[in-house]
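protein.tsv, holding TSV, C-alpha atoms:
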```tsv
chain	number	residue	atom	x	y	z
A	19	MET	CA	-7.67	-5.87	-20.95
A	20	THR	CA	-4.34	-4.31	-19.94
A	21	LEU	CA	-3.04	-4.01	-16.39
A	22	ALA	CA	-3.11	-0.20	-16.58
A	23	PHE	CA	-6.81	-0.30	-17.57
A	24	ALA	CA	-7.63	-2.66	-14.70
A	25	MET	CA	-5.78	-0.49	-12.21
A	26	ASP	CA	-7.65	2.59	-13.45
A	27	TRP	CA	-10.94	0.86	-12.67
A	28	LEU	CA	-9.75	-0.20	-9.23
A	29	ASN	CA	-8.62	3.37	-8.61
A	30	LEU	CA	-12.01	4.73	-9.66
A	31	LEU	CA	-14.00	2.23	-7.56
A	32	PHE	CA	-11.93	2.71	-4.41
A	33	ARG	CA	-12.01	6.50	-4.85
A	34	TRP	CA	-15.79	6.41	-5.33
A	35	ALA	CA	-16.27	4.23	-2.24
A	36	HIS	CA	-13.84	6.38	-0.24
A	37	LEU	CA	-15.84	9.51	-1.03
A	38	ILE	CA	-19.16	7.89	-0.10
A	39	VAL	CA	-18.11	6.44	3.25
A	40	GLY	CA	-15.97	9.50	4.00
A	41	ILE	CA	-18.96	11.77	3.57
A	42	GLY	CA	-20.87	9.53	5.97
A	43	TRP	CA	-18.10	9.64	8.58
A	44	ILE	CA	-17.54	13.38	8.32
A	45	GLY	CA	-21.27	14.01	8.42
A	46	THR	CA	-21.80	12.02	11.60
A	47	SER	CA	-18.70	13.57	13.21
A	48	PHE	CA	-19.86	17.10	12.48
A	49	TYR	CA	-23.44	16.31	13.46
A	50	PHE	CA	-22.69	14.74	16.83
A	51	ILE	CA	-20.23	17.46	17.87
A	52	ALA	CA	-22.78	20.11	16.86
A	53	LEU	CA	-25.50	18.18	18.70
A	54	ASP	CA	-23.37	17.83	21.81
A	55	LEU	CA	-22.61	21.56	21.81
A	56	SER	CA	-26.25	22.52	21.27
A	57	LEU	CA	-27.64	20.54	24.22
A	58	ARG	CA	-29.47	22.67	26.78
A	59	LYS	CA	-30.35	22.04	30.40
A	60	ARG	CA	-34.11	22.09	31.04
A	61	THR	CA	-36.27	21.86	34.13
A	62	ASP	CA	-38.09	18.70	33.02
A	63	MET	CA	-35.03	16.53	32.29
A	64	LYS	CA	-34.88	12.90	33.40
A	65	GLU	CA	-32.44	11.67	36.02
A	66	GLY	CA	-28.91	11.36	34.63
A	67	VAL	CA	-29.62	13.49	31.55
A	68	ALA	CA	-26.98	16.18	30.93
A	69	GLY	CA	-28.96	18.11	28.36
A	70	THR	CA	-31.54	17.86	25.59
A	71	ALA	CA	-32.07	19.31	22.13
A	72	TRP	CA	-35.14	19.81	19.97
A	73	GLU	CA	-34.54	19.55	16.23
A	74	VAL	CA	-36.63	19.76	13.08
A	75	HIS	CA	-35.75	18.08	9.79
A	76	GLY	CA	-37.55	16.42	6.93
A	77	GLY	CA	-40.98	17.52	8.10
A	78	GLY	CA	-40.63	16.01	11.58
A	79	PHE	CA	-39.45	16.97	15.05
A	80	TYR	CA	-36.79	15.13	17.06
A	81	HIS	CA	-36.18	15.25	20.81
A	82	VAL	CA	-32.66	14.15	21.74
A	83	GLU	CA	-31.38	13.48	25.26
A	84	LYS	CA	-27.79	12.97	26.31
A	85	TYR	CA	-26.85	11.03	29.42
A	86	LEU	CA	-23.65	11.85	31.28
A	87	VAL	CA	-22.60	8.20	31.24
A	88	ALA	CA	-25.58	6.11	30.16
A	89	PRO	CA	-29.15	5.38	31.30
A	90	LYS	CA	-29.88	2.58	33.74
A	91	GLU	CA	-31.33	0.50	30.92
A	92	LEU	CA	-30.47	0.29	27.25
A	93	PRO	CA	-32.66	-0.91	24.36
A	94	GLU	CA	-31.62	-3.82	22.18
A	95	ASP	CA	-31.70	-1.68	19.02
A	96	LEU	CA	-28.93	0.68	20.11
A	97	ILE	CA	-27.42	2.34	17.01
A	98	TRP	CA	-23.65	2.38	16.65
A	99	TYR	CA	-21.84	4.75	14.29
A	100	LYS	CA	-18.57	3.04	13.44
A	101	TRP	CA	-18.55	1.49	9.97
A	102	GLU	CA	-18.34	4.88	8.28
A	103	ALA	CA	-14.97	5.44	9.97
A	104	TYR	CA	-13.70	1.90	9.44
A	105	LEU	CA	-14.58	1.83	5.74
A	106	THR	CA	-13.19	5.32	5.14
A	107	TRP	CA	-9.78	4.14	6.32
A	108	VAL	CA	-9.99	0.79	4.50
A	109	THR	CA	-10.95	2.35	1.17
A	110	GLY	CA	-8.41	5.15	1.67
A	111	PHE	CA	-5.60	2.68	2.30
A	112	ALA	CA	-6.71	0.61	-0.68
A	113	LEU	CA	-6.53	3.76	-2.79
A	114	LEU	CA	-3.06	4.47	-1.40
A	115	VAL	CA	-1.99	0.99	-2.49
A	116	VAL	CA	-3.47	1.25	-5.99
A	117	GLN	CA	-2.35	4.82	-6.69
A	118	TYR	CA	0.93	5.17	-4.80
A	119	TYR	CA	2.26	1.74	-3.85
A	120	PHE	CA	1.56	0.07	-7.18
A	121	ASN	CA	3.01	3.06	-9.08
A	122	ALA	CA	5.62	3.96	-6.49
A	123	THR	CA	8.27	4.89	-9.05
A	124	SER	CA	5.96	7.43	-10.68
A	125	TYR	CA	3.90	8.79	-7.79
A	126	LEU	CA	5.74	8.10	-4.53
A	127	ILE	CA	9.46	8.33	-5.32
A	128	ASP	CA	11.31	11.39	-6.58
A	129	PRO	CA	15.04	10.76	-7.16
A	130	ASN	CA	15.70	14.47	-6.63
A	131	VAL	CA	14.34	14.12	-3.09
A	132	LEU	CA	15.64	10.67	-2.11
A	133	THR	CA	16.79	7.71	-4.16
A	134	MET	CA	15.18	4.49	-2.94
A	135	THR	CA	13.44	1.35	-4.17
A	136	PRO	CA	9.64	0.97	-4.24
A	137	GLY	CA	9.89	-1.56	-1.42
A	138	GLU	CA	11.78	0.89	0.78
A	139	ALA	CA	9.28	3.67	0.06
A	140	ILE	CA	6.32	1.44	0.92
A	141	LEU	CA	8.01	0.26	4.14
A	142	ILE	CA	8.59	3.88	5.23
A	143	SER	CA	4.96	4.64	4.46
A	144	VAL	CA	3.50	1.78	6.52
A	145	VAL	CA	5.89	2.24	9.46
A	146	SER	CA	5.20	5.97	9.62
A	147	LEU	CA	1.43	5.46	9.77
A	148	VAL	CA	1.75	2.96	12.61
A	149	ALA	CA	4.31	5.08	14.48
A	150	GLY	CA	2.11	8.16	14.18
A	151	TRP	CA	-0.76	6.49	15.98
A	152	LEU	CA	1.46	5.00	18.70
A	153	ILE	CA	3.09	8.36	19.49
A	154	TYR	CA	-0.24	10.19	19.45
A	155	ASP	CA	-1.91	7.60	21.68
A	156	ARG	CA	0.96	7.75	24.16
A	157	LEU	CA	0.69	11.53	24.32
A	158	CYS	CA	-3.05	11.35	25.01
A	159	LYS	CA	-2.59	8.80	27.81
A	160	SER	CA	0.31	10.65	29.41
A	161	PRO	CA	-0.05	13.59	31.84
A	162	ILE	CA	0.16	15.82	28.76
A	163	GLY	CA	-3.25	14.50	27.74
A	164	ARG	CA	-4.87	16.25	30.71
A	165	ASN	CA	-3.65	19.66	29.53
A	166	VAL	CA	-5.67	20.58	26.42
A	167	PRO	CA	-3.48	23.46	25.13
A	168	LEU	CA	-0.28	21.47	25.69
A	169	LEU	CA	-1.71	18.36	24.02
A	170	ALA	CA	-2.91	20.43	21.04
A	171	THR	CA	0.58	21.91	20.69
A	172	CYS	CA	2.21	18.47	20.84
A	173	LEU	CA	-0.19	17.11	18.23
A	174	PHE	CA	0.55	20.09	15.99
A	175	VAL	CA	4.29	19.46	16.34
A	176	LEU	CA	3.82	15.72	15.69
A	177	ILE	CA	1.97	16.33	12.42
A	178	LEU	CA	4.48	18.98	11.39
A	179	ALA	CA	7.39	16.63	12.13
A	180	ALA	CA	5.74	13.92	10.03
A	181	SER	CA	5.19	16.46	7.24
A	182	TYR	CA	8.86	17.44	7.31
A	183	LEU	CA	9.86	13.77	7.13
A	184	PHE	CA	7.51	13.01	4.24
A	185	THR	CA	8.63	16.04	2.20
A	186	HIS	CA	12.25	14.90	2.57
A	187	VAL	CA	11.49	11.29	1.62
A	188	PHE	CA	8.65	11.20	-0.93
A	189	SER	CA	7.66	13.11	-4.03
A	190	GLY	CA	5.58	16.28	-3.56
A	191	ARG	CA	2.33	14.45	-4.23
A	192	GLY	CA	3.35	11.46	-2.16
A	193	ALA	CA	4.37	13.66	0.76
A	194	LEU	CA	1.10	15.58	1.23
A	195	ILE	CA	-1.10	12.56	0.59
A	196	HIS	CA	0.86	10.83	3.35
A	197	VAL	CA	0.24	13.73	5.71
A	198	GLY	CA	-3.45	13.12	5.05
A	199	ALA	CA	-3.04	9.37	5.55
A	200	PHE	CA	-1.03	9.99	8.74
A	201	VAL	CA	-3.77	12.14	10.26
A	202	GLY	CA	-6.56	9.97	8.83
A	203	THR	CA	-5.04	6.88	10.44
A	204	ILE	CA	-4.98	8.60	13.83
A	205	MET	CA	-8.63	9.56	13.38
A	206	ALA	CA	-9.75	6.09	12.26
A	207	VAL	CA	-7.89	4.26	15.03
A	208	ASN	CA	-9.40	6.71	17.51
A	209	VAL	CA	-12.77	5.28	16.53
A	210	PHE	CA	-11.67	1.65	16.19
A	211	GLY	CA	-9.27	1.52	19.16
A	212	ILE	CA	-10.71	3.97	21.70
A	213	ILE	CA	-14.19	5.38	21.08
A	214	ILE	CA	-16.07	2.21	20.14
A	215	PRO	CA	-14.26	-0.15	22.60
A	216	ASN	CA	-14.91	2.30	25.46
A	217	GLN	CA	-18.58	2.56	24.50
A	218	LYS	CA	-18.80	-1.23	24.45
A	219	LYS	CA	-17.27	-1.42	27.94
A	220	ILE	CA	-19.80	1.12	29.19
A	221	THR	CA	-22.65	-0.83	27.61
A	222	ALA	CA	-21.40	-4.12	29.07
A	223	SER	CA	-21.25	-2.59	32.56
A	224	LEU	CA	-24.82	-1.38	32.27
A	225	LEU	CA	-26.08	-4.73	31.07
A	226	ALA	CA	-24.29	-6.36	34.01
A	227	GLY	CA	-25.93	-3.95	36.44
A	228	GLU	CA	-22.63	-2.27	37.26
A	229	ALA	CA	-21.76	1.44	37.36
A	230	PRO	CA	-19.79	2.37	34.21
A	231	ASN	CA	-16.40	3.99	34.51
A	232	PRO	CA	-16.92	7.70	33.58
A	233	ALA	CA	-13.25	7.94	32.50
A	234	LEU	CA	-14.06	5.75	29.51
A	235	GLY	CA	-16.64	8.23	28.27
A	236	ALA	CA	-14.30	11.16	28.88
A	237	MET	CA	-11.54	9.49	26.86
A	238	GLY	CA	-13.91	8.76	24.00
A	239	LYS	CA	-15.11	12.37	24.01
A	240	GLN	CA	-11.50	13.62	23.90
A	241	ARG	CA	-10.69	11.54	20.81
A	242	SER	CA	-13.96	12.51	19.15
A	243	VAL	CA	-13.16	16.21	19.57
A	244	HIS	CA	-9.68	15.63	18.13
A	245	ASN	CA	-11.22	13.97	15.07
A	246	ASN	CA	-13.60	16.89	14.68
A	247	TYR	CA	-10.84	19.50	14.62
A	248	LEU	CA	-8.62	17.44	12.30
A	249	THR	CA	-11.30	16.81	9.67
A	250	ILE	CA	-11.04	20.08	7.73
A	251	PRO	CA	-7.21	19.99	7.42
A	252	VAL	CA	-7.13	16.31	6.43
A	253	LEU	CA	-9.69	16.87	3.67
A	254	LEU	CA	-7.42	19.44	2.02
A	255	MET	CA	-4.46	17.06	2.27
A	256	MET	CA	-6.49	14.38	0.50
A	257	VAL	CA	-7.21	16.61	-2.52
A	258	SER	CA	-3.79	18.32	-2.51
A	259	ASN	CA	-2.48	16.20	-5.40
A	260	HIS	CA	-4.70	18.25	-7.72
A	261	TYR	CA	-2.87	21.45	-6.77
A	262	PRO	CA	0.84	21.55	-7.65
A	263	MET	CA	1.16	24.97	-5.99
A	264	LEU	CA	0.88	22.96	-2.75
A	265	THR	CA	2.59	19.67	-3.57
A	266	GLY	CA	5.36	21.28	-5.59
A	267	HIS	CA	6.24	23.97	-3.09
A	268	PRO	CA	9.79	23.61	-1.71
A	269	GLN	CA	8.54	24.22	1.84
A	270	SER	CA	5.25	22.36	1.59
A	271	TRP	CA	5.62	21.18	5.18
A	272	LEU	CA	5.21	24.81	6.26
A	273	LEU	CA	2.05	24.98	4.16
A	274	VAL	CA	0.81	22.01	6.19
A	275	ALA	CA	1.26	24.10	9.34
A	276	LEU	CA	-0.83	26.88	7.83
A	277	ILE	CA	-3.51	24.42	6.70
A	278	LEU	CA	-3.73	23.03	10.25
A	279	VAL	CA	-4.15	26.54	11.64
A	280	ILE	CA	-6.71	27.59	9.02
A	281	GLY	CA	-8.79	24.43	9.34
A	282	GLY	CA	-8.56	24.31	13.11
A	283	MET	CA	-9.62	27.94	13.53
A	284	VAL	CA	-12.59	27.58	11.16
A	285	ARG	CA	-13.69	24.44	13.01
A	286	HIS	CA	-13.29	26.22	16.36
A	287	PHE	CA	-15.45	29.12	15.17
A	288	LEU	CA	-18.22	26.75	14.05
A	289	ASN	CA	-18.04	24.68	17.23
A	290	ARG	CA	-18.24	27.65	19.57
A	291	HIS	CA	-21.07	29.11	17.51
A	292	ASP	CA	-22.97	25.81	17.80
A	293	ALA	CA	-22.31	25.84	21.54
A	294	GLY	CA	-24.01	29.23	21.84
A	295	ASP	CA	-20.96	30.98	23.26
A	296	PRO	CA	-20.95	34.79	23.19
A	297	PHE	CA	-19.48	35.99	19.90
A	298	ALA	CA	-16.91	38.07	21.78
A	299	LYS	CA	-15.26	34.85	23.01
A	300	PHE	CA	-14.50	33.29	19.65
A	301	TRP	CA	-14.59	36.01	16.96
A	302	TRP	CA	-10.78	36.03	16.82
A	303	SER	CA	-10.60	32.54	15.29
A	304	LEU	CA	-11.71	33.65	11.81
A	305	PRO	CA	-9.16	36.51	11.56
A	306	VAL	CA	-6.44	34.04	12.59
A	307	ALA	CA	-7.61	31.69	9.82
A	308	ALA	CA	-7.65	34.60	7.37
A	309	VAL	CA	-4.08	35.58	8.24
A	310	GLY	CA	-2.98	31.97	7.72
A	311	LEU	CA	-4.71	31.92	4.33
A	312	VAL	CA	-3.05	35.17	3.22
A	313	ILE	CA	0.37	33.82	4.21
A	314	ALA	CA	-0.31	30.59	2.27
A	315	ILE	CA	-1.35	32.57	-0.82
A	316	ILE	CA	1.78	34.72	-0.62
A	317	MET	CA	3.99	31.65	-0.19
A	318	THR	CA	2.50	29.95	-3.26
A	319	ALA	CA	2.53	33.05	-5.51
A	320	PRO	CA	3.90	32.15	-8.98
A	321	LYS	CA	7.36	33.22	-10.09
A	322	ASP	CA	7.76	35.70	-12.92
A	323	TYR	CA	9.65	34.28	-15.92
A	324	SER	CA	9.16	37.25	-18.26
A	325	GLY	CA	12.10	39.35	-19.36
A	326	GLY	CA	14.48	36.49	-20.06
A	327	ALA	CA	16.34	35.83	-23.31
A	328	ALA	CA	14.17	34.61	-26.19
A	329	VAL	CA	13.69	30.83	-26.33
A	330	ALA	CA	13.44	29.04	-29.68
A	331	ASP	CA	10.41	26.83	-30.39
A	332	ALA	CA	12.68	23.95	-31.33
A	333	GLU	CA	14.32	24.00	-27.89
A	334	VAL	CA	10.95	23.75	-26.15
A	335	ILE	CA	9.78	20.92	-28.43
A	336	ALA	CA	12.97	19.00	-27.61
A	337	ILE	CA	12.32	19.41	-23.86
A	338	ALA	CA	8.73	18.21	-24.26
A	339	ARG	CA	9.75	15.15	-26.27
A	340	THR	CA	12.33	14.24	-23.66
A	341	HIS	CA	10.23	14.76	-20.52
A	342	CYS	CA	6.53	14.88	-21.47
A	343	ALA	CA	5.69	12.83	-24.55
A	344	SER	CA	6.17	9.38	-23.00
A	345	CYS	CA	2.88	9.94	-21.12
A	346	HIS	CA	1.21	12.81	-22.97
A	347	ALA	CA	1.02	11.28	-26.42
A	348	ALA	CA	-1.59	9.73	-28.69
A	349	VAL	CA	0.10	6.39	-27.95
A	350	PRO	CA	1.93	6.68	-24.58
A	351	THR	CA	5.09	4.64	-24.16
A	352	HIS	CA	4.97	4.84	-20.35
A	353	GLU	CA	3.84	1.51	-18.90
A	354	ALA	CA	1.39	3.12	-16.45
A	355	PHE	CA	-0.81	4.68	-19.13
A	356	ASP	CA	-2.89	3.35	-22.01
A	357	GLU	CA	-3.89	6.87	-22.99
A	358	ALA	CA	-2.64	10.36	-22.22
A	359	PRO	CA	-3.60	11.62	-18.71
A	360	LYS	CA	-6.58	13.99	-19.00
A	361	GLU	CA	-6.27	13.49	-22.79
A	362	ILE	CA	-3.54	16.13	-22.90
A	363	HIS	CA	-1.08	15.58	-25.76
A	364	LEU	CA	2.26	17.39	-25.73
A	365	GLU	CA	3.83	16.26	-28.99
A	366	SER	CA	3.71	19.34	-31.20
A	367	LEU	CA	4.22	23.09	-30.99
A	368	GLY	CA	0.45	23.57	-31.21
A	369	ASP	CA	-0.05	21.21	-28.27
A	370	LEU	CA	2.44	23.11	-26.16
A	371	GLN	CA	0.80	26.43	-26.96
A	372	ARG	CA	-2.68	25.06	-26.24
A	373	TYR	CA	-1.75	23.67	-22.82
A	374	ALA	CA	0.75	26.39	-21.89
A	375	ASP	CA	-1.07	27.33	-18.65
A	376	GLN	CA	-1.16	23.72	-17.46
A	377	ILE	CA	2.52	23.25	-18.30
A	378	MET	CA	3.37	26.42	-16.38
A	379	ALA	CA	1.49	25.16	-13.29
A	380	GLN	CA	2.64	21.55	-13.39
A	381	ALA	CA	6.20	21.65	-14.74
A	382	VAL	CA	7.47	25.22	-14.23
A	383	GLN	CA	5.95	26.71	-11.09
A	384	SER	CA	6.20	23.26	-9.47
A	385	ASP	CA	7.93	19.96	-10.14
A	386	ALA	CA	4.72	17.91	-10.13
A	387	MET	CA	5.53	16.86	-13.70
A	388	PRO	CA	7.09	14.68	-14.94
A	389	LEU	CA	5.70	12.19	-12.42
A	390	GLY	CA	8.36	11.47	-9.83
A	391	ASN	CA	10.70	13.37	-12.16
A	392	GLU	CA	11.53	9.99	-13.69
A	393	THR	CA	13.17	11.66	-16.70
A	394	GLY	CA	15.37	13.96	-14.59
A	395	MET	CA	14.03	17.30	-15.77
A	396	THR	CA	16.39	20.05	-14.59
A	397	ASP	CA	15.60	23.44	-13.06
A	398	THR	CA	17.20	25.06	-16.10
A	399	GLU	CA	14.80	23.24	-18.43
A	400	ARG	CA	11.84	24.26	-16.28
A	401	ALA	CA	12.98	27.90	-16.40
A	402	THR	CA	13.37	27.64	-20.17
A	403	LEU	CA	9.78	26.45	-20.47
A	404	GLY	CA	8.62	29.26	-18.18
A	405	THR	CA	10.41	31.90	-20.26
A	406	TRP	CA	8.97	30.52	-23.50
A	407	ILE	CA	5.41	30.46	-22.11
A	408	SER	CA	5.84	34.04	-20.87
A	409	GLN	CA	6.78	35.03	-24.43
A	410	LEU	CA	3.41	33.72	-25.66
A	411	LYS	CA	1.43	36.23	-23.63
```
Write out the structure in this file as C-alpha cells.
Amino acid sequence: MTLAFAMDWLNLLFRWAHLIVGIGWIGTSFYFIALDLSLRKRTDMKEGVAGTAWEVHGGGFYHVEKYLVAPKELPEDLIWYKWEAYLTWVTGFALLVVQYYFNATSYLIDPNVLTMTPGEAILISVVSLVAGWLIYDRLCKSPIGRNVPLLATCLFVLILAASYLFTHVFSGRGALIHVGAFVGTIMAVNVFGIIIPNQKKITASLLAGEAPNPALGAMGKQRSVHNNYLTIPVLLMMVSNHYPMLTGHPQSWLLVALILVIGGMVRHFLNRHDAGDPFAKFWWSLPVAAVGLVIAIIMTAPKDYSGGAAVADAEVIAIARTHCASCHAAVPTHEAFDEAPKEIHLESLGDLQRYADQIMAQAVQSDAMPLGNETGMTDTERATLGTWISQLK
C-alpha cells in the first residue's frame, strides 16, 4: 500500500465524516433559529415562557416552549446540541491537514503568488485561523458588539481582509478553502467558547437556586444568529475548489464579498419569513442577492480566445507533456498520485481533444491547473491552449 493510496482513504473518510456531522450542525442551527422566530405568545403560557410553537412531523405533534432565561427547575435529561459543531470543525481541520497541509506544495502554495516553504504556509494558516477568532471575539465584546449594523459591517470587513490576505499568500484553491476555514473556525468556537459555556453557567445557577445572568443568554443568542447568517456563505467556500471560475479568478476576494452578500440576504429573507414579518419589510433582500449573483456571473464570464493565429497540434502536445502529463497519465510520475485524477489522461492529441472543455476551464480560463503551478505554466502557454481549443469548435 502506497502513501498516496493511504492518504486518499484518509481524505475520503474525513470528508465523509465532515459531511455527516456538518449536515447535523447546519440542520440544528437552521431549525433552532426557525423555531425561535416562529414562537408565538399565547394566553395560556406558563410563567417565564416567552413563546410557544406547535409543530407536526413524522405523524406526531410537538409543543415547544421557550423560556426567557430558564425555568425554575430543569430535568436531568436535558439535551445539549454541541457535538455536531465540535466534530464538524475537527473533521474539517483534519481534512485541511490531509488535503492541504500534507500536499502543501501542490494544493496550498503557488510560486506565482508567493514563494514559501510548506512549513511557512502551514504556520500562516494556523495563525490566521486563531487570529480571526480573537479579533472577532474582541469586536463582539466591545461597544461595537451592541450595535448590530456596525458589528455586521466590521465582520464583513474582517472576512474580506482575511480573503485578501489569503489570495495574496496561497494558491487559488488554498485561498478560498481558507476563507471557509476562517469563518468555520469562528462559528465552531462560538459554540465551544461562548454558547455552550454560557448555557452551562445558566444551568449551574438554576441548580444552585440562583437567578441566572440574562446577559449570558443574550450573548449566546448573538453568536448563534451570527452562525446562522454565515452558514450559507461558508458552505460555498467549502465546495469552491470544484469551481476554478471562483478559485482561479484574479480578484477572488471580491467574489467572496459577493458570496457573503448573496448568502446573507437569502438567509435574512428566510429568517424574516419564518418570523412572520410582513413581506413588505424584507422583500428587498432577494433582489439584493440577485444583483450580487448577476455581478458574480459577469465577473467570472469566460474570455474569448477565438480569432487568434492558428496553433499547431504539436505545440499543444508539447505544452501538455510539460505541464499536464506528470499527473494526468496512465502511470503518473507525480508523487501525490497513483493514478490520474478523475481518470483523465492528457498524453495524446486525442486525449486533449476529448477533454478540451475541462482543459479550458481548469488551465486556460483559470490557473487551477497545474496544481500550485508547480511546473511554471506561463500565461502565454495558457492562451495558446485557449486558442487551439477555440479552433476545435
### Query
Counting all atoms listed in the file, what is within 8 Å of range 352-354 of chain A, bar same-chain residues fewer than 5 positions away, as a PyMOL selection string?
chain A and resi 22+121+344-345
#### Entry: Residues near range 386-393 of chain A, cut-off 7 Å, all atoms listed in the file, skip fewer than 5 positions along chain, as a ChimeraX atom specification
/A:123-128,189-190,262,266,341-342,380-381
### Query
Skipping near chain neighbours, those fewer than 2 positions away, what residues fall within 8 Å of Leu304 in chain A using all atoms listed in the file, listed as a VMD selection string?
chain A and resid 283 to 284 287 301 to 302 306 to 308
### Query
Nearest to Ile313 in chain A: which of A:Ile277, A:Val197, A:Tyr99, A:Ala338 is it, counting only C-alpha atoms?
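Checking each candidate against Ile313 in chain A, we get A:Ile277 as the closest.
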### Message
For Gly137 in chain A, find every residue with an atom within 10 Å (counting all atoms listed in the file), except residues of its own chain fewer than 6 positions away, and show them as a list of chain:residue names.
### Response
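Once the nearby chain positions are removed, what remains is A:Tyr119, A:Ala122, A:Ser143.
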I need the residues from that last selection saved to file as an mmCIF file, in the frame of the given file (with C-alpha atoms), if you can.
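Below you can see out34.cif, which holds the result:
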```cif
data_model
loop_
_atom_site.group_PDB
_atom_site.id
_atom_site.type_symbol
_atom_site.label_atom_id
_atom_site.label_comp_id
_atom_site.auth_asym_id
_atom_site.auth_seq_id
_atom_site.Cartn_x
_atom_site.Cartn_y
_atom_site.Cartn_z
ATOM 1 C CA TYR A 119 2.260 1.740 -3.850
ATOM 2 C CA ALA A 122 5.620 3.960 -6.490
ATOM 3 C CA SER A 143 4.960 4.640 4.460
#
```
### Task
Have a look at A:Ile280, A:Ser181, A:Arg290, A:Gly326 and name the one nearest to Ala314 in chain A; count only C-alpha atoms.
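When distances to Ala314 in chain A are compared using only C-alpha atoms, the smallest one comes from A:Ile280.
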### Task
Select, from A:Ile97, A:Val82, A:Leu21, A:Ile44, the residue with the minimum atom-to-atom distance to Leu253 in chain A, counting all atoms listed in the file.
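Looking only at the distances to Leu253 in chain A, the closest residue turns out to be A:Ile44.
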### Message
Can you measure CA of Gly110 in chain A to CA of His36 in chain A for me? One decimal in Å is fine.
### Response
5.9 Å
## Note on the structure
Using only C-alpha atoms, the shortest atom-to-atom distance to Met237 in chain A among A:Leu92, A:Ala222, A:Ile212, A:Val279 belongs to A:Ile212
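Atom pair CA of Val382 in chain A / CA of Ala139 in chain A has a distance of 25.9 Å (rounded to one decimal).
Closest approach to Asp322 in chain A among A:Ser408, A:Ser146, A:Thr221, A:Thr135 is made by A:Ser408 (distances from only C-alpha atoms).
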Please put the answer as lines of an AutoDock Vina configuration file: centre and edge lengths, in Å with one decimal, of a box along x, y and z that encloses all listed atoms of range 380-390 of chain A plus 5 Å on each side.
```
center_x = 5.5
center_y = 19.1
center_z = -12.2
size_x = 15.7
size_y = 25.2
size_z = 15.5
```
### Message
Please list, as a list in words, the residues that have an atom at most 6 Å away from (-8.8, 5.7, 7.4) in the coordinates of this file, counting only C-alpha atoms.
### Response
Thr106, Trp107, Val108, Gly110, Gly202, Thr203 and Ala206 of chain A
### Query
Neighbours of range 213-218 of chain A within 7 Å (only C-alpha atoms; same-chain residues fewer than 6 positions away dropped), as a list in words?
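The filter keeps Leu234, Gly235 and Gly238 of chain A.
Relative to CA of Leu57 in chain A, CA of Ser303 in chain A is found at 22.7 Å.
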### Message
Ranking A:Leu194, A:Val39, A:Leu30, A:Val166 by minimum distance to Ala275 in chain A and counting only C-alpha atoms, which one comes first?
### Response
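Residue with the minimum atom-to-atom distance to Ala275 in chain A: A:Leu194.
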